[in-house]
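Novice: This is work_5.txt (compact mmCIF, C-alpha atoms).
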# COMPACT_ATOMS: atom_id res chain seq x y z
CA MET S 350 131.57 82.62 139.91
CA GLN S 351 128.60 81.45 137.87
CA GLY S 352 125.33 83.33 138.16
CA LYS S 353 122.21 81.71 139.49
CA GLN S 354 120.47 79.47 136.95
CA PRO S 355 117.14 80.99 135.79
CA ARG S 356 113.99 79.16 136.80
CA LEU S 357 112.79 76.61 134.29
CA ARG S 358 109.59 78.64 133.74
CA ASP S 359 111.66 81.68 132.82
CA GLN S 360 113.88 79.62 130.51
CA VAL S 361 110.87 78.20 128.69
CA ARG S 362 109.31 81.66 128.33
CA ALA S 363 112.53 83.17 127.00
CA VAL S 364 113.03 80.50 124.32
CA ILE S 365 109.37 80.69 123.25
CA ARG S 366 109.54 84.48 122.88
CA VAL S 367 112.80 84.28 120.91
CA ASN S 368 111.18 81.79 118.52
CA HIS S 369 108.07 84.01 118.20
CA TYR S 370 105.61 81.37 119.37
CA SER S 371 102.15 82.58 120.31
CA ILE S 372 101.07 83.21 123.91
CA ARG S 373 98.56 80.35 123.61
CA THR S 374 101.36 77.98 122.58
CA GLU S 375 103.44 79.20 125.51
CA LYS S 376 100.61 78.48 127.94
CA THR S 377 99.95 75.05 126.41
CA TYR S 378 103.61 73.99 126.43
CA TRP S 379 104.10 75.11 130.02
CA TYR S 380 100.91 73.28 131.09
CA TRP S 381 102.27 69.96 129.79
CA ILE S 382 105.80 70.56 131.07
CA ARG S 383 104.46 71.28 134.54
CA TYR S 384 102.13 68.26 134.34
CA PHE S 385 105.13 66.07 133.37
CA ILE S 386 107.18 67.36 136.32
CA ARG S 387 104.35 66.78 138.80
CA PHE S 388 103.71 63.31 137.43
CA HIS S 389 107.33 62.45 138.27
CA LYS S 390 107.05 63.89 141.79
CA MET S 391 108.73 67.25 141.04
CA GLU S 392 111.88 65.73 139.54
CA HIS S 393 113.72 68.27 137.34
CA PRO S 394 113.44 67.36 133.62
CA ARG S 395 117.22 67.61 133.27
CA GLU S 396 117.48 64.57 135.56
CA MET S 397 114.97 62.64 133.43
CA GLY S 398 114.86 61.53 129.82
CA PRO S 399 113.23 59.26 127.21
CA ARG S 400 112.08 56.62 129.72
CA GLU S 401 110.22 59.12 131.89
CA VAL S 402 108.64 60.78 128.83
CA ASN S 403 107.47 57.37 127.62
CA GLU S 404 105.93 56.59 131.02
CA PHE S 405 104.09 59.92 131.09
CA LEU S 406 102.66 59.64 127.57
CA THR S 407 101.60 56.05 128.12
CA TRP S 408 99.89 57.02 131.40
CA LEU S 409 97.96 59.75 129.59
CA ALA S 410 96.62 57.22 127.08
CA VAL S 411 95.93 54.32 129.49
CA HIS S 412 94.76 56.07 132.65
CA ARG S 413 93.58 59.49 131.48
CA ASN S 414 92.08 58.28 128.19
CA VAL S 415 93.08 61.48 126.38
CA ALA S 416 92.48 61.97 122.66
CA ALA S 417 95.32 61.19 120.24
CA ALA S 418 95.70 64.93 119.47
CA THR S 419 96.07 65.70 123.17
CA GLN S 420 98.74 63.05 123.60
CA SER S 421 100.59 64.46 120.57
CA GLN S 422 100.35 67.94 122.05
CA ALA S 423 101.96 66.71 125.27
CA LEU S 424 104.75 65.03 123.27
CA ASN S 425 105.40 68.19 121.23
CA SER S 426 105.68 70.20 124.43
CA LEU S 427 108.26 67.86 125.91
CA VAL S 428 110.24 67.59 122.67
CA PHE S 429 110.39 71.40 122.65
CA LEU S 430 111.57 71.42 126.27
CA TYR S 431 114.40 68.98 125.73
CA ASN S 432 115.47 70.13 122.25
CA LYS S 433 115.16 73.90 122.55
CA VAL S 434 115.35 74.73 126.26
CA LEU S 435 117.54 72.09 127.88
CA ASP S 436 119.62 71.38 124.73
CA LYS S 437 119.28 67.69 125.53
CA PRO S 438 117.44 66.08 122.56
CA LEU S 439 115.25 63.15 123.58
CA GLY S 440 116.06 60.87 120.66
CA ASP S 441 114.18 57.57 120.64
CA ILE S 442 111.64 57.42 123.47
CA GLY S 443 110.62 53.86 122.67
CA THR S 444 107.17 52.46 121.98
CA VAL S 445 104.44 54.56 123.49
CA VAL S 446 100.92 53.25 123.99
CA ARG S 447 98.97 55.44 121.62
CA SER S 448 95.62 56.87 122.57
CA LYS S 449 92.72 55.02 120.98
CA LYS S 450 90.12 57.59 121.86
CA PRO S 451 88.44 58.23 118.50
CA ARG S 452 88.32 61.64 116.93
CA LYS S 453 84.79 62.98 116.99
CA LEU S 454 83.13 64.81 114.15
CA PRO S 455 82.74 68.51 114.92
CA VAL S 456 79.36 69.92 115.85
CA VAL S 457 78.02 72.24 113.14
CA LEU S 458 75.02 74.52 112.94
CA THR S 459 72.67 75.17 110.07
CA HIS S 460 72.70 78.69 108.66
CA ASP S 461 69.41 79.44 110.41
CA GLU S 462 70.73 78.13 113.74
CA ALA S 463 73.89 80.21 113.43
CA MET S 464 71.88 83.37 112.78
CA ARG S 465 69.53 82.61 115.68
CA VAL S 466 72.50 82.47 118.04
CA ILE S 467 74.05 85.66 116.61
CA ASP S 468 70.71 87.46 116.99
CA GLN S 469 70.87 86.77 120.74
CA LEU S 470 74.15 88.70 121.09
CA ASN S 471 74.93 92.37 121.62
CA ASP S 472 77.83 94.25 120.05
CA PRO S 473 80.75 93.96 120.02
CA VAL S 474 80.40 90.20 120.67
CA ARG S 475 77.73 90.02 117.97
CA LEU S 476 80.19 91.46 115.43
CA ILE S 477 82.99 89.17 116.63
CA THR S 478 80.78 86.08 116.33
CA SER S 479 79.61 87.20 112.90
CA LEU S 480 83.29 87.21 111.84
CA LEU S 481 83.75 83.67 113.19
CA TYR S 482 80.87 82.49 111.00
CA GLY S 483 81.29 84.82 108.03
CA SER S 484 85.08 84.65 107.70
CA GLY S 485 86.00 81.36 109.41
CA LEU S 486 88.14 83.03 112.07
CA ARG S 487 89.20 81.44 115.32
CA VAL S 488 87.98 83.43 118.31
CA THR S 489 91.58 84.36 119.18
CA GLU S 490 92.13 85.66 115.65
CA ALA S 491 88.95 87.75 115.72
CA CYS S 492 89.75 89.29 119.11
CA ARG S 493 93.29 90.15 117.99
CA LEU S 494 92.30 92.04 114.84
CA ARG S 495 93.63 95.57 114.49
CA ILE S 496 92.27 98.36 112.29
CA LYS S 497 95.13 97.91 109.82
CA ASP S 498 94.06 94.28 109.21
CA LEU S 499 90.86 95.33 107.41
CA ASP S 500 91.03 96.12 103.69
CA PHE S 501 87.62 97.46 102.69
CA ASN S 502 88.66 98.07 99.07
CA GLN S 503 89.65 94.46 98.47
CA GLN S 504 87.11 93.15 100.99
CA VAL S 505 89.83 91.11 102.65
CA ILE S 506 90.77 90.48 106.29
CA THR S 507 94.40 89.71 107.16
CA ILE S 508 95.08 87.41 110.10
CA ARG S 509 98.49 88.11 111.60
CA ASP S 510 100.48 85.48 113.46
CA GLY S 511 97.69 82.89 113.37
CA LYS S 512 98.04 79.29 114.44
CA GLY S 513 101.55 78.08 113.65
CA ALA S 514 102.75 81.73 113.63
CA LYS S 515 101.44 82.09 110.05
CA ASP S 516 99.76 85.03 108.35
CA ARG S 517 96.84 84.49 105.97
CA THR S 518 93.97 86.37 104.37
CA THR S 519 90.30 85.51 104.33
CA LEU S 520 87.17 87.06 102.86
CA MET S 521 85.31 89.99 104.37
CA PRO S 522 81.59 89.14 104.21
CA ALA S 523 79.57 91.75 102.30
CA PRO S 524 76.90 92.06 105.05
CA LEU S 525 79.63 92.94 107.58
CA ILE S 526 81.31 95.71 105.55
CA LYS S 527 79.00 98.49 106.78
CA PRO S 528 79.00 97.33 110.45
CA LEU S 529 82.80 97.06 110.38
CA GLN S 530 83.17 100.48 108.75
CA ASP S 531 80.87 102.03 111.36
CA HIS S 532 82.85 100.31 114.13
CA VAL S 533 86.17 101.58 112.75
CA GLU S 534 84.71 105.07 112.32
CA ALA S 535 83.62 105.13 115.97
CA ILE S 536 87.13 104.11 117.09
CA SER S 537 88.69 106.69 114.76
CA LYS S 538 86.46 109.48 116.06
CA ALA S 539 87.24 108.69 119.70
CA TRP S 540 90.97 108.41 118.87
CA LYS S 541 91.02 111.82 117.16
CA GLN S 542 89.29 113.36 120.16
CA ARG S 543 91.91 111.74 122.41
CA SER S 544 89.26 110.11 124.58
CA GLU S 545 90.33 108.76 127.96
CA GLU S 546 90.55 105.20 126.60
CA PHE S 547 93.41 106.27 124.29
CA LEU S 548 95.60 107.82 126.99
CA HIS S 549 97.57 104.58 127.10
CA PRO S 550 99.11 102.75 124.10
CA VAL S 551 97.91 99.40 122.85
CA SER S 552 100.03 96.30 123.48
CA LEU S 553 102.36 95.43 120.61
CA PRO S 554 103.99 92.15 119.56
CA TYR S 555 107.58 91.25 120.47
CA ALA S 556 110.11 94.10 120.13
CA LEU S 557 107.90 96.29 117.93
CA ALA S 558 107.27 98.76 120.76
CA ARG S 559 111.02 99.45 120.97
CA LYS S 560 111.49 99.59 117.20
CA TYR S 561 108.47 101.84 116.60
CA PRO S 562 107.81 103.63 119.91
CA LYS S 563 104.87 105.63 118.47
CA ALA S 564 103.08 102.66 116.90
CA GLY S 565 101.15 101.83 120.07
CA ARG S 566 99.39 105.19 119.91
CA SER S 567 98.73 105.23 116.15
CA LEU S 568 95.25 104.63 114.77
CA GLU S 569 96.16 101.74 112.50
CA TRP S 570 97.51 99.66 115.40
CA GLN S 571 94.43 100.10 117.59
CA TRP S 572 92.59 96.91 118.49
CA LEU S 573 89.34 96.43 116.62
CA PHE S 574 87.88 94.95 119.81
CA SER S 575 89.66 96.50 122.75
CA SER S 576 89.37 95.31 126.33
CA PRO S 577 87.32 97.64 128.53
CA THR S 578 90.07 97.47 131.18
CA LEU S 579 93.79 98.24 131.16
CA SER S 580 96.57 95.65 131.44
CA THR S 581 100.15 95.68 132.68
CA ASP S 582 102.82 93.90 130.62
CA ASN S 583 105.92 92.05 131.89
CA LEU S 584 107.90 95.31 132.02
CA GLY S 585 105.28 97.08 134.10
CA ASN S 586 103.94 99.21 131.23
CA VAL S 587 100.22 99.98 131.30
CA THR S 588 98.62 99.15 127.94
CA HIS S 589 95.32 98.40 126.26
CA HIS S 590 94.93 94.75 125.34
CA HIS S 591 92.33 93.15 123.08
CA ARG S 592 89.00 91.92 124.41
CA HIS S 593 89.48 88.81 126.53
CA ILE S 594 88.61 85.61 124.69
CA SER S 595 86.85 84.06 127.67
CA SER S 596 84.30 86.90 127.78
CA VAL S 597 83.34 86.18 124.16
CA GLN S 598 83.17 82.43 124.79
CA ARG S 599 80.94 82.96 127.81
CA ALA S 600 78.56 85.26 125.92
CA VAL S 601 78.29 82.79 123.02
CA ARG S 602 77.52 79.88 125.36
CA HIS S 603 74.69 81.89 126.92
CA ALA S 604 73.39 82.84 123.46
CA VAL S 605 73.36 79.19 122.37
CA GLU S 606 71.25 78.32 125.41
CA ALA S 607 68.91 81.27 124.81
CA ALA S 608 68.46 80.30 121.15
CA GLY S 609 67.32 76.81 122.22
CA ILE S 610 69.00 75.00 119.34
CA GLY S 611 69.75 71.86 121.39
CA LYS S 612 73.38 71.49 120.33
CA ARG S 613 76.60 71.68 122.33
CA ALA S 614 78.03 74.67 120.49
CA GLY S 615 80.59 77.36 121.21
CA CYS S 616 82.78 79.89 119.41
CA HIS S 617 84.68 77.29 117.39
CA THR S 618 81.39 75.82 116.15
CA PHE S 619 80.95 78.91 113.97
CA ARG S 620 84.30 78.23 112.25
CA HIS S 621 83.18 74.64 111.61
CA THR S 622 79.88 75.93 110.27
CA PHE S 623 81.71 78.39 107.97
CA ALA S 624 83.60 75.47 106.40
CA THR S 625 80.61 73.17 105.99
CA GLU S 626 78.45 75.94 104.52
CA LEU S 627 81.12 76.77 101.92
CA LEU S 628 81.46 73.11 100.92
CA LYS S 629 77.70 72.68 100.84
CA ARG S 630 77.49 75.62 98.42
CA GLY S 631 80.07 74.12 96.06
CA SER S 632 83.31 75.79 97.12
CA ASP S 633 86.53 73.94 96.28
CA ILE S 634 87.98 72.13 99.30
CA ARG S 635 91.47 73.57 98.72
CA THR S 636 90.06 77.09 98.75
CA VAL S 637 88.34 76.30 102.04
CA GLN S 638 91.66 74.93 103.33
CA ASP S 639 93.40 78.22 102.47
CA LEU S 640 90.67 80.33 104.06
CA LEU S 641 90.83 78.30 107.27
CA GLY S 642 94.64 78.28 107.30
CA HIS S 643 94.93 74.49 107.57
CA ALA S 644 98.44 73.18 106.88
CA ASP S 645 97.12 69.71 105.95
CA LEU S 646 94.21 69.06 103.60
CA ARG S 647 93.21 66.07 105.73
CA THR S 648 92.21 68.49 108.49
CA THR S 649 89.78 70.19 106.11
CA GLN S 650 88.44 66.89 104.78
CA ILE S 651 86.76 66.17 108.11
CA TYR S 652 84.00 68.54 106.99
CA THR S 653 83.15 66.35 103.99
CA HIS S 654 82.27 63.61 106.48
CA VAL S 655 80.09 66.03 108.43
CA LEU S 656 78.17 66.66 105.21
CA GLY S 657 78.15 62.99 104.18
CA GLN S 658 80.14 63.85 101.05
CA GLY S 659 82.92 61.37 101.69
CA PHE S 660 81.18 58.45 99.99
CA ALA S 661 82.04 59.12 96.31
CA GLY S 662 78.43 59.75 95.34
CA VAL S 663 77.12 56.43 96.66
CA ARG S 664 73.37 56.50 97.34
CA SER S 665 71.54 54.43 99.90
CA PRO S 666 69.50 51.50 98.44
CA LEU S 667 66.53 52.89 100.35
CA GLY S 668 66.42 55.83 97.97
Show this structure as C-alpha cells.
Specialist:
Amino acid sequence: MQGKQPRLRDQVRAVIRVNHYSIRTEKTYWYWIRYFIRFHKMEHPREMGPREVNEFLTWLAVHRNVAAATQSQALNSLVFLYNKVLDKPLGDIGTVVRSKKPRKLPVVLTHDEAMRVIDQLNDPVRLITSLLYGSGLRVTEACRLRIKDLDFNQQVITIRDGKGAKDRTTLMPAPLIKPLQDHVEAISKAWKQRSEEFLHPVSLPYALARKYPKAGRSLEWQWLFSSPTLSTDNLGNVTHHHRHISSVQRAVRHAVEAAGIGKRAGCHTFRHTFATELLKRGSDIRTVQDLLGHADLRTTQIYTHVLGQGFAGVRSPLG
C-alpha cells in the first residue's frame, strides 16, 4: 500500500533544501507557484502543462503589467517546479507575450546624502547600513554575517552563500575596521561570560548542526548582528537567528525621511551608490562586478548609464 503523497509545499521545500537554494529563493519560488495554482482555480500543476504556463505568463505581462525581470522570475519558478519537483519537464511553452515594462535606472545617492542618512541611524543598524554602502553588500548578506566572515588582517569580508548560492569576498572599509573590531569584542566578551543571550545556539545552515554539533555555540559561528529574540526551527529547536531584514529596512526608510534628501531610497540604494561611487572614482568595471557578485557584466553596466558614462566620451554641443 502506497503512503500518502506529501503536500506540494513540502515537496517543493524538500527539493529546494536538497539543492541548497537560499530561503529567499524558496519563498520567491513558492510565491509564484501558489500564484500560478490560484490563477488556474486551484488546479494541481501535475494536471496542467505548457499551455497553462503560457496563459499565466502572458496574463502577467498583459493584465498585471509586470517588469520583464518579474515575468522571468515567475517562469524560472515554474520551470523549477516541473523539472525538479514534478519530474515533468515543460519543454516548449510556445510564444509568450513578453513584458514591455521598461527597466528603470536605479536610484543612487551622492556620498554626502548617503552619510546624512547613515548619521540618522543608531547601532547596530548604522553599522549594517555602513556595510551596505562601504562594501556593496545586500541587506540580507550584511544581516547574515558571522564573526568568522571578517578578516581584519587582510581587510576582507567573505559573503557566504550569496545570491545564486555563491561565495565571494569584498573589501572591508578602513573607517569601519575599528567599529567592527569593537562590535566583535563586545560579542566575544559576552560570549566568554556566558551571558543569557548565549544560552541557546545560533542557527546553522543545512546539515551543519548535525555534522558539527558544537559549532552553534562556538564564537566564530556567532551572528555579527543577532536578533534580539529567539526563534524555533523546523525541528522545534530554539536558536538565535540573525537580525530580521525587515527591521533594518524599516529603520533605513525612516532615516531617509528624516534626512530630507527627497529621493525614494532604501537599503538596496546604498549598494547602488557603492557601485556608482567606485566607477566615479575610476575603478575598473570588472572589479566592481566582482565586488558586487554580478554573474553578468551587463548587470554592472547599468551604473555607467546612471553616471552618464555610456556615451563613449561624447560631449553635448551646448558645452
Novice: One decimal, Å: what's the distance from atom CA of S:Ala417 over to atom CA of S:Gln598, could you say?
Specialist: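 Taking atom CA of S:Ala417 as the start and atom CA of S:Gln598 as the end point, the length is 24.9 Å.
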Novice: Counting all atoms listed in the file, which of S:Val505, S:Pro522, S:Ser595, S:Lys515 gets nearest to S:Ala644?
Specialist: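 That would be S:Lys515, the residue with the smallest distance to S:Ala644.
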Novice: With distances taken over all atoms listed in the file, which residue among S:Leu640, S:Val428, S:Val474, S:Leu573 lies nearest S:Asp516?
Specialist: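 Once distances to S:Asp516 are computed over all atoms listed in the file, the minimum belongs to S:Leu640.
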Novice: Do you have the atom CA of S:Ser421-atom CA of S:Thr636 distance handy?
Specialist: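 We find that atom CA of S:Ser421 and atom CA of S:Thr636 lie 27.3 Å from each other.
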Novice: Using all atoms listed in the file, which of S:Asn586, S:Thr444, S:Ser632, S:Ser552 sits nearest S:Trp570?
Specialist: S:Ser552
Novice: Of the residues S:Val361, S:Leu481, S:Cys492, S:Ala604, which is the one nearest to S:Asn432, using only C-alpha atoms?
Specialist: S:Val361
Novice: For each of S:Glu606, S:Val466, S:Lys437, S:Phe574, take the minimum atom-to-atom distance to S:Ala535, counting all atoms listed in the file, then give the residue where this is smallest.
Specialist: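 Nearest candidate to S:Ala535 out of S:Glu606, S:Val466, S:Lys437, S:Phe574: S:Phe574.
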Novice: Quick one: everything within 9 Å of S:Ile496, counting all atoms listed in the file, minus sequence neighbours fewer than 5 positions away in the same chain. Send it as an MDAnalysis selection string.
Specialist: chainID S and resid 533 568:573
Novice: How many Å lie between atom CA of S:Lys453 and atom CA of S:Thr518, rounded to one decimal?
Specialist: 28.1 Å
Novice: Where atoms are missing, can you supply all heavy atoms for stretch 634-645 of chain S and output the lot as a JSON list (two decimals), keeping the file's coordinate frame?
Specialist:
[["chain", "number", "residue", "atom", "x", "y", "z"],
["S", 634, "ILE", "N", 87.46, 72.46, 97.97],
["S", 634, "ILE", "CA", 87.98, 72.13, 99.30],
["S", 634, "ILE", "C", 89.34, 72.76, 99.56],
["S", 634, "ILE", "O", 89.66, 73.14, 100.69],
["S", 634, "ILE", "CB", 88.03, 70.60, 99.53],
["S", 634, "ILE", "CG1", 88.29, 70.30, 101.02],
["S", 634, "ILE", "CG2", 89.07, 69.95, 98.63],
["S", 634, "ILE", "CD1", 88.09, 68.86, 101.39],
["S", 635, "ARG", "N", 90.15, 72.95, 98.51],
["S", 635, "ARG", "CA", 91.47, 73.57, 98.72],
["S", 635, "ARG", "C", 91.34, 75.07, 99.00],
["S", 635, "ARG", "O", 92.15, 75.64, 99.73],
["S", 635, "ARG", "CB", 92.38, 73.32, 97.51],
["S", 635, "ARG", "CG", 92.82, 71.87, 97.40],
["S", 635, "ARG", "CD", 94.03, 71.68, 96.52],
["S", 635, "ARG", "NE", 94.45, 70.29, 96.51],
["S", 635, "ARG", "CZ", 95.26, 69.74, 97.38],
["S", 635, "ARG", "NH1", 95.74, 70.48, 98.39],
["S", 635, "ARG", "NH2", 95.62, 68.48, 97.30],
["S", 636, "THR", "N", 90.32, 75.69, 98.43],
["S", 636, "THR", "CA", 90.06, 77.09, 98.75],
["S", 636, "THR", "C", 89.63, 77.22, 100.20],
["S", 636, "THR", "O", 90.07, 78.13, 100.92],
["S", 636, "THR", "CB", 88.96, 77.66, 97.83],
["S", 636, "THR", "OG1", 89.37, 77.53, 96.46],
["S", 636, "THR", "CG2", 88.68, 79.12, 98.14],
["S", 637, "VAL", "N", 88.78, 76.30, 100.64],
["S", 637, "VAL", "CA", 88.34, 76.30, 102.04],
["S", 637, "VAL", "C", 89.55, 76.07, 102.96],
["S", 637, "VAL", "O", 89.67, 76.71, 104.00],
["S", 637, "VAL", "CB", 87.27, 75.22, 102.27],
["S", 637, "VAL", "CG1", 86.86, 75.15, 103.75],
["S", 637, "VAL", "CG2", 86.04, 75.49, 101.41],
["S", 638, "GLN", "N", 90.44, 75.18, 102.55],
["S", 638, "GLN", "CA", 91.66, 74.93, 103.33],
["S", 638, "GLN", "C", 92.47, 76.21, 103.50],
["S", 638, "GLN", "O", 92.94, 76.52, 104.60],
["S", 638, "GLN", "CB", 92.51, 73.87, 102.63],
["S", 638, "GLN", "CG", 93.84, 73.59, 103.32],
["S", 638, "GLN", "CD", 94.79, 72.74, 102.46],
["S", 638, "GLN", "OE1", 94.46, 72.41, 101.32],
["S", 638, "GLN", "NE2", 95.94, 72.42, 103.00],
["S", 639, "ASP", "N", 92.63, 76.97, 102.41],
["S", 639, "ASP", "CA", 93.40, 78.22, 102.47],
["S", 639, "ASP", "C", 92.71, 79.24, 103.37],
["S", 639, "ASP", "O", 93.37, 79.94, 104.15],
["S", 639, "ASP", "CB", 93.57, 78.80, 101.06],
["S", 639, "ASP", "CG", 94.53, 77.99, 100.21],
["S", 639, "ASP", "OD1", 95.34, 77.24, 100.80],
["S", 639, "ASP", "OD2", 94.48, 78.12, 98.98],
["S", 640, "LEU", "N", 91.40, 79.36, 103.25],
["S", 640, "LEU", "CA", 90.67, 80.33, 104.06],
["S", 640, "LEU", "C", 90.75, 80.01, 105.55],
["S", 640, "LEU", "O", 90.81, 80.91, 106.39],
["S", 640, "LEU", "CB", 89.21, 80.39, 103.61],
["S", 640, "LEU", "CG", 88.94, 80.99, 102.23],
["S", 640, "LEU", "CD1", 87.49, 80.79, 101.83],
["S", 640, "LEU", "CD2", 89.30, 82.47, 102.20],
["S", 641, "LEU", "N", 90.75, 78.72, 105.87],
["S", 641, "LEU", "CA", 90.83, 78.30, 107.27],
["S", 641, "LEU", "C", 92.26, 78.32, 107.80],
["S", 641, "LEU", "O", 92.47, 78.33, 109.02],
["S", 641, "LEU", "CB", 90.26, 76.88, 107.43],
["S", 641, "LEU", "CG", 88.75, 76.73, 107.22],
["S", 641, "LEU", "CD1", 88.37, 75.25, 107.21],
["S", 641, "LEU", "CD2", 87.98, 77.45, 108.30],
["S", 642, "GLY", "N", 93.24, 78.30, 106.88],
["S", 642, "GLY", "CA", 94.64, 78.28, 107.30],
["S", 642, "GLY", "C", 95.12, 76.92, 107.75],
["S", 642, "GLY", "O", 96.05, 76.81, 108.56],
["S", 643, "HIS", "N", 94.50, 75.85, 107.22],
["S", 643, "HIS", "CA", 94.93, 74.49, 107.57],
["S", 643, "HIS", "C", 96.21, 74.13, 106.82],
["S", 643, "HIS", "O", 96.29, 74.34, 105.60],
["S", 643, "HIS", "CB", 93.85, 73.47, 107.20],
["S", 643, "HIS", "CG", 92.67, 73.49, 108.11],
["S", 643, "HIS", "ND1", 91.44, 72.94, 107.78],
["S", 643, "HIS", "CD2", 92.51, 74.00, 109.37],
["S", 643, "HIS", "CE1", 90.60, 73.12, 108.78],
["S", 643, "HIS", "NE2", 91.23, 73.75, 109.75],
["S", 644, "ALA", "N", 97.19, 73.60, 107.52],
["S", 644, "ALA", "CA", 98.44, 73.18, 106.88],
["S", 644, "ALA", "C", 98.24, 71.89, 106.09],
["S", 644, "ALA", "O", 98.90, 71.65, 105.08],
["S", 644, "ALA", "CB", 99.54, 73.00, 107.93],
["S", 645, "ASP", "N", 97.33, 71.03, 106.55],
["S", 645, "ASP", "CA", 97.12, 69.71, 105.95],
["S", 645, "ASP", "C", 95.69, 69.61, 105.43],
["S", 645, "ASP", "O", 94.74, 69.89, 106.17],
["S", 645, "ASP", "CB", 97.39, 68.62, 107.01],
["S", 645, "ASP", "CG", 97.51, 67.23, 106.40],
["S", 645, "ASP", "OD1", 96.83, 66.95, 105.40],
["S", 645, "ASP", "OD2", 98.27, 66.42, 106.95]]
